>>> print(open('query32.cif').read())   # mmCIF, C-alpha atoms
data_structure
#
loop_
_atom_site.group_PDB
_atom_site.id
_atom_site.type_symbol
_atom_site.label_atom_id
_atom_site.label_comp_id
_atom_site.auth_asym_id
_atom_site.auth_seq_id
_atom_site.Cartn_x
_atom_site.Cartn_y
_atom_site.Cartn_z
ATOM 1 C CA MET A 286 -57.510 202.382 156.211
ATOM 2 C CA ARG A 287 -56.699 201.433 159.785
ATOM 3 C CA ALA A 288 -54.927 198.243 158.701
ATOM 4 C CA ILE A 289 -52.637 200.227 156.418
ATOM 5 C CA ARG A 290 -51.556 202.487 159.309
ATOM 6 C CA HIS A 291 -50.753 199.535 161.573
ATOM 7 C CA GLY A 292 -48.855 197.785 158.760
ATOM 8 C CA PHE A 293 -46.756 200.883 158.060
ATOM 9 C CA GLY A 294 -46.078 201.405 161.768
ATOM 10 C CA ALA A 295 -44.926 197.823 162.155
ATOM 11 C CA PHE A 296 -42.711 198.129 159.065
ATOM 12 C CA ALA A 297 -41.152 201.381 160.359
ATOM 13 C CA SER A 298 -40.534 199.835 163.796
ATOM 14 C CA VAL A 299 -38.795 196.812 162.304
ATOM 15 C CA ALA A 300 -36.642 199.049 160.065
ATOM 16 C CA VAL A 301 -35.537 201.188 163.026
ATOM 17 C CA LEU A 302 -34.821 198.079 165.107
ATOM 18 C CA LEU A 303 -32.685 196.492 162.370
ATOM 19 C CA THR A 304 -30.756 199.734 161.832
ATOM 20 C CA GLY A 305 -30.027 199.943 165.556
ATOM 21 C CA VAL A 306 -28.807 196.342 165.692
ATOM 22 C CA ALA A 307 -26.533 196.862 162.678
ATOM 23 C CA LEU A 308 -25.109 200.059 164.167
ATOM 24 C CA ALA A 309 -24.463 198.377 167.529
ATOM 25 C CA ALA A 310 -22.633 195.516 165.788
ATOM 26 C CA GLU A 311 -20.358 198.006 163.979
ATOM 27 C CA VAL A 312 -19.561 199.843 167.222
ATOM 28 C CA ARG A 313 -18.655 196.569 168.964
ATOM 29 C CA ALA A 314 -16.502 195.449 166.017
ATOM 30 C CA ALA A 315 -14.412 198.670 165.973
ATOM 31 C CA PRO A 316 -10.863 198.074 167.255
ATOM 32 C CA ALA A 317 -9.703 199.775 170.417
ATOM 33 C CA PRO A 318 -7.328 202.720 169.892
ATOM 34 C CA ALA A 319 -3.648 201.884 170.196
ATOM 35 C CA ARG A 320 -2.048 202.940 173.463
ATOM 36 C CA GLU A 321 1.493 203.325 172.103
ATOM 37 C CA ARG A 322 2.811 204.504 168.775
ATOM 38 C CA PRO A 323 4.433 201.566 166.952
ATOM 39 C CA ALA A 324 8.160 201.754 166.267
ATOM 40 C CA PRO A 325 9.094 202.426 162.632
ATOM 41 C CA ALA A 326 10.066 199.386 160.561
ATOM 42 C CA ALA A 327 13.753 198.793 159.860
ATOM 43 C CA GLY A 328 13.676 200.215 156.321
ATOM 44 C CA GLU A 329 11.246 203.006 157.161
ATOM 45 C CA PRO A 330 12.674 206.451 158.068
ATOM 46 C CA GLU A 331 11.929 207.892 161.502
ATOM 47 C CA ASN A 332 9.563 210.844 161.719
ATOM 48 C CA PHE A 333 11.717 213.910 161.480
ATOM 49 C CA GLY A 334 11.449 217.647 161.023
ATOM 50 C CA ALA A 335 10.243 220.621 162.967
ATOM 51 C CA SER A 336 6.735 221.853 162.327
ATOM 52 C CA CYS A 337 7.043 225.342 160.845
ATOM 53 C CA ARG A 338 4.686 228.085 159.752
ATOM 54 C CA THR A 339 5.552 231.302 157.940
ATOM 55 C CA ASP A 340 3.851 234.660 158.374
ATOM 56 C CA VAL A 341 4.265 237.362 155.717
ATOM 57 C CA GLU A 342 3.465 240.948 156.717
ATOM 58 C CA GLY A 343 4.273 243.422 153.964
ATOM 59 C CA SER A 344 7.964 242.984 153.183
ATOM 60 C CA ARG A 345 8.819 241.009 156.353
ATOM 61 C CA VAL A 346 8.679 237.228 156.822
ATOM 62 C CA THR A 347 8.716 235.427 160.172
ATOM 63 C CA ALA A 348 8.958 231.645 160.522
ATOM 64 C CA HIS A 349 7.974 229.882 163.747
ATOM 65 C CA CYS A 350 9.334 226.321 164.116
ATOM 66 C CA GLN A 351 8.680 223.787 166.883
ATOM 67 C CA ASN A 352 10.337 220.348 166.919
ATOM 68 C CA PRO A 353 8.257 217.526 168.465
ATOM 69 C CA TYR A 354 10.763 214.792 167.514
ATOM 70 C CA PRO A 355 13.808 213.426 169.391
ATOM 71 C CA ARG A 356 16.335 214.431 166.708
ATOM 72 C CA THR A 357 17.666 217.960 166.207
ATOM 73 C CA ASP A 358 16.468 219.658 163.011
ATOM 74 C CA ARG A 359 18.561 222.300 161.225
ATOM 75 C CA VAL A 360 16.161 224.774 159.572
ATOM 76 C CA ARG A 361 16.701 227.691 157.165
ATOM 77 C CA LEU A 362 14.292 230.369 155.959
ATOM 78 C CA HIS A 363 14.378 231.221 152.249
ATOM 79 C CA VAL A 364 12.690 234.409 150.974
ATOM 80 C CA GLU A 365 12.088 235.160 147.293
ATOM 81 C CA CYS A 366 11.249 238.790 146.493
ATOM 82 C CA GLU A 367 8.699 239.934 143.888
ATOM 83 C CA GLN A 368 10.826 242.629 142.175
ATOM 84 C CA TRP A 369 13.643 241.448 139.911
ATOM 85 C CA TRP A 370 16.082 243.945 141.435
ATOM 86 C CA ASP A 371 15.259 242.982 145.032
ATOM 87 C CA VAL A 372 17.769 240.610 146.667
ATOM 88 C CA ASP A 373 16.440 237.151 147.655
ATOM 89 C CA THR A 374 17.672 235.984 151.049
ATOM 90 C CA ASP A 375 18.522 232.741 152.853
ATOM 91 C CA SER A 376 18.882 232.757 156.628
ATOM 92 C CA ALA A 377 21.715 231.184 158.541
ATOM 93 C CA PRO A 378 20.960 227.606 159.654
ATOM 94 C CA VAL A 379 19.337 227.330 163.085
ATOM 95 C CA ASP A 380 19.316 224.100 165.123
ATOM 96 C CA VAL A 381 15.942 223.270 166.679
ATOM 97 C CA GLY A 382 16.448 220.622 169.351
ATOM 98 C CA PRO A 383 13.870 218.157 170.639
ATOM 99 C CA ALA A 384 10.851 219.980 172.128
ATOM 100 C CA ASP A 385 12.513 223.287 171.227
ATOM 101 C CA TYR A 386 11.247 226.401 169.417
ATOM 102 C CA ALA A 387 12.946 228.790 167.003
ATOM 103 C CA GLN A 388 11.940 231.970 165.223
ATOM 104 C CA LEU A 389 13.595 233.043 161.952
ATOM 105 C CA THR A 390 13.101 236.336 160.129
ATOM 106 C CA GLY A 391 13.790 237.643 156.644
ATOM 107 C CA ARG A 392 12.704 240.546 154.465
ATOM 108 C CA CYS A 393 12.589 242.134 151.035
ATOM 109 C CA TRP A 394 12.768 245.833 150.160
ATOM 110 C CA LYS A 395 9.327 245.612 148.554
ATOM 111 C CA GLU A 396 6.853 242.707 148.203
ATOM 112 C CA VAL A 397 7.545 239.061 149.085
ATOM 113 C CA ARG A 398 6.855 236.540 146.294
ATOM 114 C CA SER A 399 7.325 233.371 148.367
ATOM 115 C CA ALA A 400 8.923 232.047 151.537
ATOM 116 C CA TRP A 401 9.745 228.494 152.574
ATOM 117 C CA ILE A 402 11.685 226.466 155.128
ATOM 118 C CA THR A 403 14.242 223.728 154.436
ATOM 119 C CA HIS A 404 15.089 220.973 156.928
ATOM 120 C CA GLN A 405 18.278 218.977 157.463
ATOM 121 C CA PRO A 406 19.229 216.579 160.283
ATOM 122 C CA ALA A 407 21.711 218.351 162.569
ATOM 123 C CA ASP A 408 22.905 215.187 164.284
ATOM 124 C CA PRO A 409 23.594 211.748 162.817
ATOM 125 C CA ASP A 410 20.887 209.089 162.946
ATOM 126 C CA PRO A 411 21.342 207.245 166.301
ATOM 127 C CA SER A 412 20.410 203.890 164.721
ATOM 128 C CA ALA A 413 23.186 204.295 162.120
ATOM 129 C CA ALA A 414 25.924 204.919 164.728
ATOM 130 C CA PRO A 415 28.622 202.211 165.014
ATOM 131 C CA ALA A 416 28.538 199.992 168.070
ATOM 132 C CA PRO A 417 30.781 201.175 170.943
ATOM 133 C CA GLY A 418 34.118 199.402 171.056
ATOM 134 C CA SER A 419 34.100 198.403 167.386
ATOM 135 C CA ALA A 420 37.171 199.402 165.452
ATOM 136 C CA GLY A 421 37.109 200.370 161.798
ATOM 137 C CA THR A 422 39.328 198.332 159.496
#
>>> encode(input="query32.cif", output="structure tokens")
Amino acid sequence: MRAIRHGFGAFASVAVLLTGVALAAEVRAAPAPARERPAPAAGEPENFGASCRTDVEGSRVTAHCQNPYPRTDRVRLHVECEQWWDVDTDSAPVDVGPADYAQLTGRCWKEVRSAWITHQPADPDPSAAPAPGSAGT
């Protein structure tokens, strides 16, 4: 009986030791986190677009947009009303510059069916701009 206990204890100790060694090897093999965000590839589009959230309270809709990117984003709030006779609305476009914040509002007479935001670049892509001093032919 005593030999079985010692054999099981030795087996359990070896299993724990091997698990610890395997775990330590995985931790050492993990790559270090990147310090800088890599630049997008030539054919890949740049990250773009303000981060927006919409809040619906009864018949009123409020959109909160914050732009973390270096290009200006032109946003619009679109509100679709539940009742067929209620007028759906689209807000005027609002430019949200880099590190800027905007709040848009809309409403229905009765219930809101859905609300969403559309995005459009407000300024041309800086990488697509012609070189200074070049003349068009």
>>> closest_residue(input="query32.cif", among="A:Ala348, A:Cys393, A:Ala400, A:Ala335", to="Asp371 in chain A", atoms="all atoms listed in the file")
A:Cys393
>>> closest_residue(input="query32.cif", among="A:Cys366, A:Val379, A:Val372, A:Ala384", to="Gln405 in chain A", atoms="only C-alpha atoms")
A:Val379
>>> atom_distance(input="query32.cif", atom1="CA of Trp401 in chain A", atom2="CA of Leu362 in chain A")
6.0 Å
>>> atom_distance(input="query32.cif", atom1="CA of Trp394 in chain A", atom2="CA of Asp375 in chain A")
14.6 Å
>>> residues_around(input="query32.cif", residues="range 390-392 of chain A", least_positions_apart="6", cutoff="8 Å", atoms="all atoms listed in the file", output="list in words")
Ser344, Arg345, Val346, Thr347, Ala348, Leu362, His363, Val364, Thr374, Asp375 and Ser376 of chain A
>>> resolve_selection(input="query32.cif", expression="the PyMOL selection byres ((chain A and resi 337) around 7)", output="list in words")
Ala335, Ser336, Arg338, Thr339, Ala348, His349, Cys350 and Gln351 of chain A
>>> write_last_selection(input="query32.cif", atoms="C-alpha atoms", output="mmCIF file, keeping the file's coordinate frame")
data_model
loop_
_atom_site.group_PDB
_atom_site.id
_atom_site.type_symbol
_atom_site.label_atom_id
_atom_site.label_comp_id
_atom_site.auth_asym_id
_atom_site.auth_seq_id
_atom_site.Cartn_x
_atom_site.Cartn_y
_atom_site.Cartn_z
ATOM 1 C CA ALA A 335 10.243 220.621 162.967
ATOM 2 C CA SER A 336 6.735 221.853 162.327
ATOM 3 C CA ARG A 338 4.686 228.085 159.752
ATOM 4 C CA THR A 339 5.552 231.302 157.940
ATOM 5 C CA ALA A 348 8.958 231.645 160.522
ATOM 6 C CA HIS A 349 7.974 229.882 163.747
ATOM 7 C CA CYS A 350 9.334 226.321 164.116
ATOM 8 C CA GLN A 351 8.680 223.787 166.883
#
>>> residues_around(input="query32.cif", residues="Phe333 in chain A", least_positions_apart="4", cutoff="9 Å", atoms="all atoms listed in the file", output="PyMOL selection string")
chain A and resi 352-358+406
>>> atom_distance(input="query32.cif", atom1="CA of His404 in chain A", atom2="CA of Val381 in chain A")
10.1 Å
>>> closest_residue(input="query32.cif", among="A:Lys395, A:Gly382, A:Leu389, A:Val341", to="Glu367 in chain A", atoms="all atoms listed in the file")
A:Lys395
